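Dumped coords27.txt below, it's compact mmCIF, C-alpha atoms:
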# COMPACT_ATOMS: atom_id res chain seq x y z
CA MET E 28 0.00 0.00 0.00
CA LYS E 29 1.31 3.42 -0.97
CA PRO E 30 1.33 6.12 1.72
CA LEU E 31 -0.72 8.60 -0.33
CA SER E 32 -3.44 8.84 -2.97
CA ILE E 33 -3.97 12.25 -4.61
CA ILE E 34 -7.39 12.62 -6.24
CA VAL E 35 -7.83 15.28 -8.95
CA PRO E 36 -11.21 15.72 -10.67
CA VAL E 37 -10.83 17.18 -14.17
CA TYR E 38 -13.48 19.27 -15.88
CA ARG E 39 -13.03 22.34 -18.10
CA VAL E 40 -9.61 23.28 -16.74
CA GLU E 41 -7.40 23.26 -19.83
CA LYS E 42 -5.88 26.60 -18.76
CA TYR E 43 -4.80 25.27 -15.35
CA ILE E 44 -4.56 21.48 -15.36
CA ARG E 45 -0.94 21.20 -16.49
CA SER E 46 0.43 23.48 -13.77
CA CYS E 47 -1.67 21.60 -11.22
CA VAL E 48 -0.37 18.14 -12.17
CA GLU E 49 3.20 19.39 -12.53
CA SER E 50 3.05 20.78 -8.99
CA ILE E 51 2.07 17.33 -7.69
CA PHE E 52 5.31 15.90 -9.06
CA ARG E 53 7.42 18.63 -7.41
CA GLN E 54 6.93 17.34 -3.88
CA GLY E 55 10.25 15.60 -3.28
CA LEU E 56 8.43 12.27 -3.15
CA PRO E 57 9.38 9.22 -5.21
CA ASP E 58 6.62 7.97 -7.48
CA SER E 59 6.54 4.76 -5.45
CA ASP E 60 5.23 6.70 -2.42
CA PHE E 61 2.03 8.03 -3.99
CA GLU E 62 -0.54 7.56 -6.71
CA VAL E 63 -2.36 10.26 -8.65
CA ILE E 64 -5.97 9.50 -9.57
CA LEU E 65 -7.19 11.77 -12.36
CA VAL E 66 -10.98 11.60 -12.64
CA ASN E 67 -12.00 12.80 -16.08
CA ASP E 68 -15.51 14.02 -15.33
CA GLY E 69 -16.53 14.02 -18.99
CA THR E 70 -14.60 17.20 -19.70
CA PRO E 71 -15.51 18.52 -23.17
CA ASP E 72 -12.29 20.53 -23.63
CA ASN E 73 -8.65 19.50 -24.15
CA SER E 74 -7.76 19.16 -20.47
CA MET E 75 -6.82 15.47 -20.68
CA ASP E 76 -4.88 15.89 -23.95
CA ILE E 77 -2.82 18.69 -22.43
CA ILE E 78 -1.44 16.37 -19.73
CA GLN E 79 -1.20 13.17 -21.77
CA ASP E 80 2.59 13.36 -21.87
CA ILE E 81 2.72 13.55 -18.07
CA ILE E 82 0.38 10.57 -17.82
CA ASN E 83 2.63 8.61 -20.18
CA ALA E 84 5.74 9.51 -18.21
CA HIS E 85 4.54 8.25 -14.80
CA GLN E 86 3.46 4.75 -13.84
CA ASN E 87 1.71 6.01 -10.70
CA ILE E 88 -1.06 7.90 -12.54
CA ILE E 89 -4.49 6.29 -12.76
CA VAL E 90 -7.13 7.76 -15.09
CA ILE E 91 -10.83 7.26 -14.45
CA ASN E 92 -13.12 8.29 -17.31
CA GLN E 93 -16.77 8.97 -16.51
CA GLN E 94 -19.72 10.90 -17.84
CA ASN E 95 -20.08 14.34 -16.32
CA GLN E 96 -21.56 13.84 -12.85
CA GLY E 97 -20.04 16.71 -10.91
CA LEU E 98 -17.21 17.23 -8.44
CA SER E 99 -18.74 15.21 -5.59
CA VAL E 100 -19.22 12.05 -7.63
CA ALA E 101 -15.77 12.45 -9.17
CA ARG E 102 -14.19 12.63 -5.72
CA ASN E 103 -16.27 9.69 -4.46
CA ASN E 104 -15.22 7.55 -7.43
CA GLY E 105 -11.62 8.55 -6.84
CA MET E 106 -11.92 7.41 -3.22
CA LYS E 107 -13.30 4.03 -4.31
CA ARG E 108 -10.23 3.49 -6.51
CA ALA E 109 -7.69 4.86 -4.01
CA SER E 110 -5.29 2.46 -2.31
CA GLY E 111 -3.14 4.90 -0.31
CA GLU E 112 -3.05 5.06 3.46
CA TYR E 113 -3.96 8.75 3.16
CA ILE E 114 -6.05 10.68 0.65
CA LEU E 115 -5.48 14.25 -0.50
CA PHE E 116 -8.04 15.99 -2.71
CA VAL E 117 -6.63 18.57 -5.14
CA ASP E 118 -8.79 20.82 -7.30
CA SER E 119 -7.50 20.93 -10.84
CA ASP E 120 -7.33 24.74 -11.05
CA ASP E 121 -5.12 24.97 -7.93
CA LEU E 122 -1.53 23.98 -7.09
CA LEU E 123 0.51 22.31 -4.40
CA ILE E 124 3.43 24.28 -2.97
CA ASP E 125 6.75 22.81 -4.06
CA ASN E 126 8.35 20.32 -1.66
CA SER E 127 5.63 20.73 0.96
CA LEU E 128 3.99 17.31 1.05
CA SER E 129 6.92 15.15 2.16
CA ALA E 130 7.01 16.50 5.72
CA ILE E 131 3.22 16.49 6.05
CA LEU E 132 2.99 12.92 4.82
CA ASP E 133 5.72 11.84 7.22
CA TYR E 134 3.78 13.35 10.13
CA ALA E 135 0.64 11.53 8.99
CA VAL E 136 2.20 8.10 8.53
CA ARG E 137 4.10 8.22 11.83
CA SER E 138 1.11 9.45 13.85
CA LYS E 139 -1.60 7.34 12.14
CA ALA E 140 -3.85 10.38 12.64
CA ASP E 141 -7.38 10.40 11.25
CA LEU E 142 -6.82 13.89 9.81
CA VAL E 143 -3.77 16.08 9.23
CA VAL E 144 -4.85 19.70 8.65
CA ALA E 145 -2.31 22.06 7.07
CA ASP E 146 -2.20 25.72 6.00
CA PHE E 147 -2.83 27.21 2.57
CA LEU E 148 -2.27 30.38 0.56
CA LYS E 149 -4.65 32.35 -1.63
CA MET E 150 -3.11 33.73 -4.83
CA ASP E 151 -4.44 35.16 -8.07
CA ASP E 152 -2.97 34.53 -11.51
CA GLU E 153 -0.89 37.72 -11.46
CA LYS E 154 0.82 36.80 -8.20
CA LEU E 155 1.48 33.31 -9.48
CA ARG E 156 3.08 34.71 -12.64
CA ASN E 157 5.27 37.21 -10.81
CA HIS E 158 6.38 35.17 -7.82
CA THR E 159 8.25 31.95 -7.34
CA VAL E 160 6.08 29.94 -4.98
CA ASN E 161 8.53 27.69 -3.20
CA ILE E 162 8.12 27.99 0.55
CA PRO E 163 10.70 26.01 2.54
CA VAL E 164 9.19 23.55 4.96
CA ALA E 165 9.91 24.59 8.54
CA THR E 166 11.41 22.14 10.98
CA ARG E 167 11.10 24.16 14.18
CA SER E 168 9.49 22.60 17.22
CA GLY E 169 5.88 23.51 17.80
CA GLU E 170 4.89 23.42 14.14
CA THR E 171 2.49 20.53 14.83
CA GLU E 172 -0.23 20.25 17.45
CA SER E 173 -2.15 17.14 18.46
CA LYS E 174 -5.88 17.81 18.39
CA SER E 175 -9.16 15.99 18.52
CA GLY E 176 -11.64 16.48 15.71
CA HIS E 177 -13.88 18.41 18.09
CA GLU E 178 -11.03 20.76 18.98
CA LEU E 179 -10.41 21.43 15.29
CA LEU E 180 -14.09 22.10 14.79
CA LEU E 181 -14.18 24.63 17.61
CA GLU E 182 -11.16 26.60 16.40
CA GLN E 183 -11.58 26.53 12.62
CA ASN E 184 -13.40 29.17 10.58
CA PRO E 185 -16.25 27.37 8.73
CA ARG E 186 -15.43 29.42 5.63
CA HIS E 187 -12.08 27.60 5.55
CA PHE E 188 -13.48 24.06 5.68
CA TYR E 189 -11.72 23.16 2.44
CA VAL E 190 -11.07 19.45 1.93
CA TRP E 191 -7.84 20.09 0.01
CA ARG E 192 -5.96 21.38 3.07
CA THR E 193 -6.25 18.00 4.82
CA LEU E 194 -4.72 14.56 4.53
CA HIS E 195 -7.56 12.12 5.26
CA ASN E 196 -6.84 8.66 6.61
CA ARG E 197 -8.54 6.37 4.08
CA SER E 198 -9.50 3.78 6.69
CA PHE E 199 -11.06 6.51 8.83
CA LEU E 200 -13.23 7.68 5.92
CA SER E 201 -14.23 4.13 5.02
CA GLU E 202 -15.03 2.96 8.54
CA ASN E 203 -17.15 6.04 9.21
CA HIS E 204 -18.88 5.92 5.80
CA ILE E 205 -17.92 9.51 5.01
CA SER E 206 -18.35 10.63 1.41
CA PHE E 207 -19.43 13.66 -0.58
CA ILE E 208 -23.10 14.45 -1.23
CA PRO E 209 -23.61 13.65 -4.93
CA GLY E 210 -24.77 16.26 -7.35
CA ILE E 211 -24.16 19.49 -5.42
CA PHE E 212 -21.62 22.29 -5.27
CA PHE E 213 -20.24 23.48 -1.89
CA GLU E 214 -19.88 19.89 -0.70
CA ASP E 215 -16.73 20.63 1.33
CA ASN E 216 -18.59 21.94 4.38
CA PRO E 217 -20.81 18.98 5.32
CA PHE E 218 -17.95 16.60 4.45
CA THR E 219 -15.42 18.43 6.65
CA HIS E 220 -17.90 18.91 9.49
CA GLU E 221 -18.58 15.18 9.52
CA CYS E 222 -14.84 14.44 9.52
CA TYR E 223 -14.24 16.76 12.48
CA LEU E 224 -17.20 15.37 14.40
CA LYS E 225 -16.03 11.76 14.00
CA ALA E 226 -12.24 12.11 14.10
CA VAL E 227 -10.47 11.17 17.33
CA LYS E 228 -6.79 11.72 16.59
CA CYS E 229 -5.76 14.68 14.44
CA LEU E 230 -2.73 16.82 13.74
CA ARG E 231 -2.79 20.55 13.05
CA VAL E 232 0.34 21.28 11.04
CA HIS E 233 1.34 24.93 10.58
CA ILE E 234 2.93 24.43 7.18
CA PRO E 235 1.33 25.72 3.94
CA ILE E 236 0.93 22.98 1.35
CA TYR E 237 -1.68 24.36 -1.04
CA ILE E 238 -2.29 27.37 -3.28
CA TYR E 239 -5.95 28.22 -3.68
CA ARG E 240 -6.18 30.06 -6.97
CA VAL E 241 -8.61 32.99 -6.70
CA GLY E 242 -9.86 35.69 -9.05
CA HIS E 243 -10.82 33.47 -11.98
CA PRO E 244 -14.17 31.93 -12.98
CA SER E 245 -14.95 28.78 -11.00
CA ILE E 246 -17.93 26.88 -9.66
CA THR E 247 -17.82 28.92 -6.45
CA SER E 248 -17.04 32.39 -7.85
CA SER E 249 -20.62 33.50 -8.55
CA ILE E 250 -24.10 32.44 -7.57
CA ASN E 251 -27.11 31.49 -9.66
CA LYS E 252 -30.29 29.60 -8.86
CA ALA E 253 -28.74 26.14 -9.21
CA LYS E 254 -25.74 27.01 -7.06
CA GLY E 255 -27.97 28.75 -4.52
CA MET E 256 -30.09 25.59 -4.23
CA ASP E 257 -26.96 23.49 -3.77
CA PHE E 258 -25.50 25.84 -1.16
CA ALA E 259 -28.80 25.70 0.73
CA THR E 260 -28.68 21.89 0.63
CA ALA E 261 -25.08 21.85 1.90
CA ILE E 262 -26.00 24.17 4.79
CA ALA E 263 -29.04 22.04 5.65
CA LYS E 264 -26.89 18.89 5.67
CA THR E 265 -24.39 20.65 7.93
CA TRP E 266 -27.23 21.58 10.31
CA GLU E 267 -28.40 17.95 10.36
CA LEU E 268 -24.99 16.92 11.71
CA SER E 269 -25.73 18.89 14.89
CA LYS E 270 -28.23 16.14 15.75
CA MET E 271 -25.58 13.42 15.98
CA ASP E 272 -25.72 11.37 19.16
CA GLY E 273 -23.14 12.01 21.86
CA LEU E 274 -22.27 15.61 21.02
CA THR E 275 -21.52 18.01 23.86
CA HIS E 276 -23.55 21.21 24.13
CA ASN E 277 -20.59 23.30 22.92
CA ILE E 278 -20.01 21.13 19.86
CA ARG E 279 -23.69 21.06 18.95
CA LEU E 280 -23.81 24.84 19.34
CA LYS E 281 -20.71 25.27 17.17
CA VAL E 282 -22.20 23.23 14.31
CA GLN E 283 -25.41 25.22 14.49
CA ASN E 284 -23.54 28.54 14.57
CA ASN E 285 -21.40 27.43 11.63
CA ALA E 286 -24.58 26.65 9.71
CA PHE E 287 -25.85 30.14 10.53
CA GLU E 288 -22.62 31.75 9.33
CA LEU E 289 -22.84 29.82 6.07
CA PHE E 290 -26.49 30.84 5.74
CA SER E 291 -25.37 34.47 6.14
CA VAL E 292 -22.92 33.95 3.27
CA LEU E 293 -25.75 32.53 1.15
CA VAL E 294 -28.06 35.46 1.90
CA TYR E 295 -25.27 37.92 1.11
CA GLY E 296 -24.79 36.23 -2.27
CA LEU E 297 -28.52 36.26 -2.99
CA SER E 298 -28.92 39.93 -2.08
CA HIS E 299 -25.77 41.17 -3.88
CA GLU E 300 -25.46 38.95 -6.95
CA MET E 301 -28.91 37.58 -7.79
CA LYS E 302 -31.24 40.05 -9.52
CA ASN E 303 -34.38 37.91 -9.78
CA PRO E 304 -36.50 38.26 -6.58
CA ALA E 305 -38.49 35.09 -7.37
CA GLU E 306 -35.29 33.02 -7.56
CA ARG E 307 -34.11 34.38 -4.21
CA ILE E 308 -37.37 33.30 -2.56
CA ALA E 309 -37.29 29.91 -4.31
CA ILE E 310 -33.86 29.23 -2.77
CA LEU E 311 -35.03 30.21 0.72
CA GLU E 312 -38.10 28.00 0.34
CA HIS E 313 -35.90 25.13 -0.81
CA PHE E 314 -33.75 25.65 2.27
CA LYS E 315 -36.77 25.46 4.57
CA LYS E 316 -37.98 22.26 2.90
CA THR E 317 -34.54 20.65 3.09
CA ALA E 318 -34.21 21.46 6.81
CA PRO E 319 -37.83 21.72 8.03
CA ASP E 320 -36.96 21.75 11.72
CA LEU E 321 -34.11 24.26 11.45
CA GLN E 322 -34.36 27.22 13.78
CA PHE E 323 -31.57 29.75 14.29
CA THR E 324 -32.06 30.74 17.95
CA ASN E 325 -28.61 30.98 19.56
CA SER E 326 -28.47 34.79 19.67
CA THR E 327 -30.67 37.84 19.19
CA LYS E 328 -29.28 38.31 15.69
CA GLN E 329 -30.02 34.69 14.81
CA ARG E 330 -33.59 34.95 16.11
CA LEU E 331 -34.22 38.10 14.05
CA VAL E 332 -32.82 36.50 10.90
CA ASN E 333 -34.72 33.30 11.61
CA TYR E 334 -38.01 35.20 11.90
CA GLY E 335 -37.29 37.07 8.68
CA PHE E 336 -36.58 34.12 6.41
CA GLN E 337 -39.12 31.79 8.06
CA ARG E 338 -42.10 34.17 8.34
CA ILE E 339 -41.60 37.08 5.94
CA PRO E 340 -39.03 35.90 3.36
CA ARG E 341 -39.97 38.43 0.68
CA THR E 342 -39.76 41.37 3.05
CA TYR E 343 -36.57 39.99 4.57
CA MET E 344 -34.82 39.66 1.20
CA ALA E 345 -36.04 43.08 0.06
CA LEU E 346 -34.57 44.64 3.21
CA ARG E 347 -31.29 42.78 2.66
CA VAL E 348 -31.08 44.08 -0.92
CA ILE E 349 -31.79 47.66 0.22
CA TYR E 350 -29.23 47.36 2.99
CA GLY E 351 -26.65 45.97 0.54
CA LEU E 352 -27.17 48.84 -1.90
CA ALA E 353 -26.96 51.43 0.87
CA PHE E 354 -23.80 49.87 2.25
CA GLU E 355 -22.15 49.73 -1.18
CA LYS E 356 -23.03 53.40 -1.75
CA PHE E 357 -21.50 54.32 1.61
CA VAL E 358 -18.30 52.42 0.84
CA HIS E 359 -18.06 54.02 -2.61
CA GLN E 360 -18.45 57.52 -1.16
CA TRP E 361 -15.95 56.78 1.61
CA LYS E 362 -13.34 55.60 -0.90
CA LYS E 363 -13.99 58.65 -3.07
CA ARG E 364 -13.48 61.02 -0.12
CA LYS E 365 -10.34 59.16 0.94
CA LYS E 366 -8.82 59.55 -2.53
CA SER E 367 -9.57 63.27 -2.56
CA VAL E 368 -7.78 63.91 0.76

Written form, structure tokens:
Amino acid sequence: MKPLSIIVPVYRVEKYIRSCVESIFRQGLPDSDFEVILVNDGTPDNSMDIIQDIINAHQNIIVINQQNQGLSVARNNGMKRASGEYILFVDSDDLLIDNSLSAILDYAVRSKADLVVADFLKMDDEKLRNHTVNIPVATRSGETESKSGHELLLEQNPRHFYVWRTLHNRSFLSENHISFIPGIFFEDNPFTHECYLKAVKCLRVHIPIYIYRVGHPSITSSINKAKGMDFATAIAKTWELSKMDGLTHNIRLKVQNNAFELFSVLVYGLSHEMKNPAERIAILEHFKKTAPDLQFTNSTKQRLVNYGFQRIPRTYMALRVIYGLAFEKFVHQWKKRKKSV
């Protein structure tokens, strides 16, 4: 069994896929220590042709071809094929930081941790073009901390629950029947919440391993009705996890508050990016149907928001749109005054 399986779904990424796969092979790891599972999710462009020479050059690359079924199914199918002790998910428009994985993998294999959570960087295309991204791996004491999954849950920002920053023990995922919800975007949050809730032994490693490419079109860069529905489903599934047996009050509260924070992100997207009022309401109604017993009640703010979207959704969304426009106008005027000083 190899120590590591790296799963890379491929769909419409011909501009980025080569740099992504090349970064995987700049980790200071021999090919015998890892396998790369490329899941061709029925991509209609030249993504697979662009990396065919890399595929031919390495015996540790496995290609799965499937009809387009979305990122969740691609990742799930990659997990079914994986044979590594640990699994790392890499999005095909992002990169791994050079020579960063070897130390992380060593920590994982020696500790037998359920999860090893590392750091990441956000960079746009301009920064990537103008900077050499090769961060030396630190070896100072204190760079790793032993944590439980519940401790990670309590300290992590739910907006940073990205699966690609974590090495997942394959046996842990299998034994706990953890997989991605098929057919939706924004699947990282319920998946990562479930991992944190069920993991016993974890490592928090303060080493960046991943570059999250921002500022280009992606499945999460804008919202429409379909994505709004999916985000609502992901939030509802996250809320459902708060009902797991055996959770302490603090953990249950944290999951519920995380769901509220994600709901706030959804409402912000609906009020700032979606112009059709009927579609906004349809997404809120879908959310209520998906989580019929959901009630945000852990603070005054939550209770006010809960009343708005549960009882008067049209008025609530109209007020959010008005507030958003007023806030944007204020920010614009403030920036204009600041420039004139």

* What does the distance from atom CA of Leu224 of chain E to atom CA of Gly176 of chain E come to in Å, to one decimal? ->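 So the answer is 5.8 Å.
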
* May I have the protein, DNA and RNA residues with an atom at most 9 Å from (-13.2, 16.0, -10.4), counting all atoms listed in the file in the file's coordinates, returned as a PyMOL selection string? => chain E and resi 34-38+65-68+96-102+105+117-119

* Compare E:Ser201, E:Gln283, E:Asn184, E:Ser138 by their minimum atom-to-atom distance to Asn325 of chain E, counting all atoms listed in the file, and give me the closest one. =>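 Of the candidates, the smallest distance to Asn325 of chain E is held by E:Gln283.
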
* Between E:Pro30, E:Arg347, E:Tyr189, E:Ser74, single out the one closest to Pro57 of chain E, counting only C-alpha atoms. =>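 Distance minimum relative to Pro57 of chain E lands on E:Pro30.
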
* In Å, with one decimal, what is the gap from atom CA of Met344 of chain E to atom CA of Arg307 of chain E? -> 7.6 Å

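For the pair atom CA of Gly111 of chain E and atom CA of Pro217 of chain E, the interatomic distance is 23.3 Å.
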
* To do: Counting all atoms listed in the file, find the residues whose atoms lie at most 6 Å from (2.7, 4.3, -4.3) (file coordinates) and write them out as a VMD selection string.
  => chain E and resid 29 59 to 62

Output file for the selection above: C-alpha atoms, as a PDB file, in the coordinates of the input:
ATOM      1  CA  LYS E  29       1.310   3.420  -0.970  1.00  0.00           C
ATOM      2  CA  SER E  59       6.540   4.760  -5.450  1.00  0.00           C
ATOM      3  CA  ASP E  60       5.230   6.700  -2.420  1.00  0.00           C
ATOM      4  CA  PHE E  61       2.030   8.030  -3.990  1.00  0.00           C
ATOM      5  CA  GLU E  62      -0.540   7.560  -6.710  1.00  0.00           C
TER       6      GLU E  62
END

* **Which of E:Asp125, E:Thr327, E:Asp76, E:Ile114 sits closest to Ser32 of chain E [using all atoms listed in the file]** => E:Ile114

* Selection near Asp257 of chain E, 8 Å with all atoms listed in the file, sequence-local residues under 2 positions removed, as a ChimeraX atom specification -> /E:211-213,253-255,259-261

* Pick out the closest residue to Lys252 of chain E from this set: E:Asn203, E:Asn73, E:Asn303, E:Asn126. Count only C-alpha atoms. => E:Asn303

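Restricting the calculation to all atoms listed in the file, the smallest distance between Glu182 of chain E and any of E:Arg39, E:Tyr223, E:Arg240, E:Ser127 is found for E:Tyr223.
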
* Determine the nearest neighbour of Phe52 of chain E from the options E:Leu122, E:Tyr295, E:Leu115, E:Asp215, counting all atoms listed in the file. =>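 Of the candidates, the smallest distance to Phe52 of chain E is held by E:Leu122.
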
* To do: Tell me which protein, DNA and RNA residues are within 9 Å of Ile278 of chain E, counting all atoms listed in the file, leaving out same-chain ones fewer than 2 positions away, and put them as number ranges by chain.
  => E: 177, 180-181, 224, 269, 274-276, 280-283
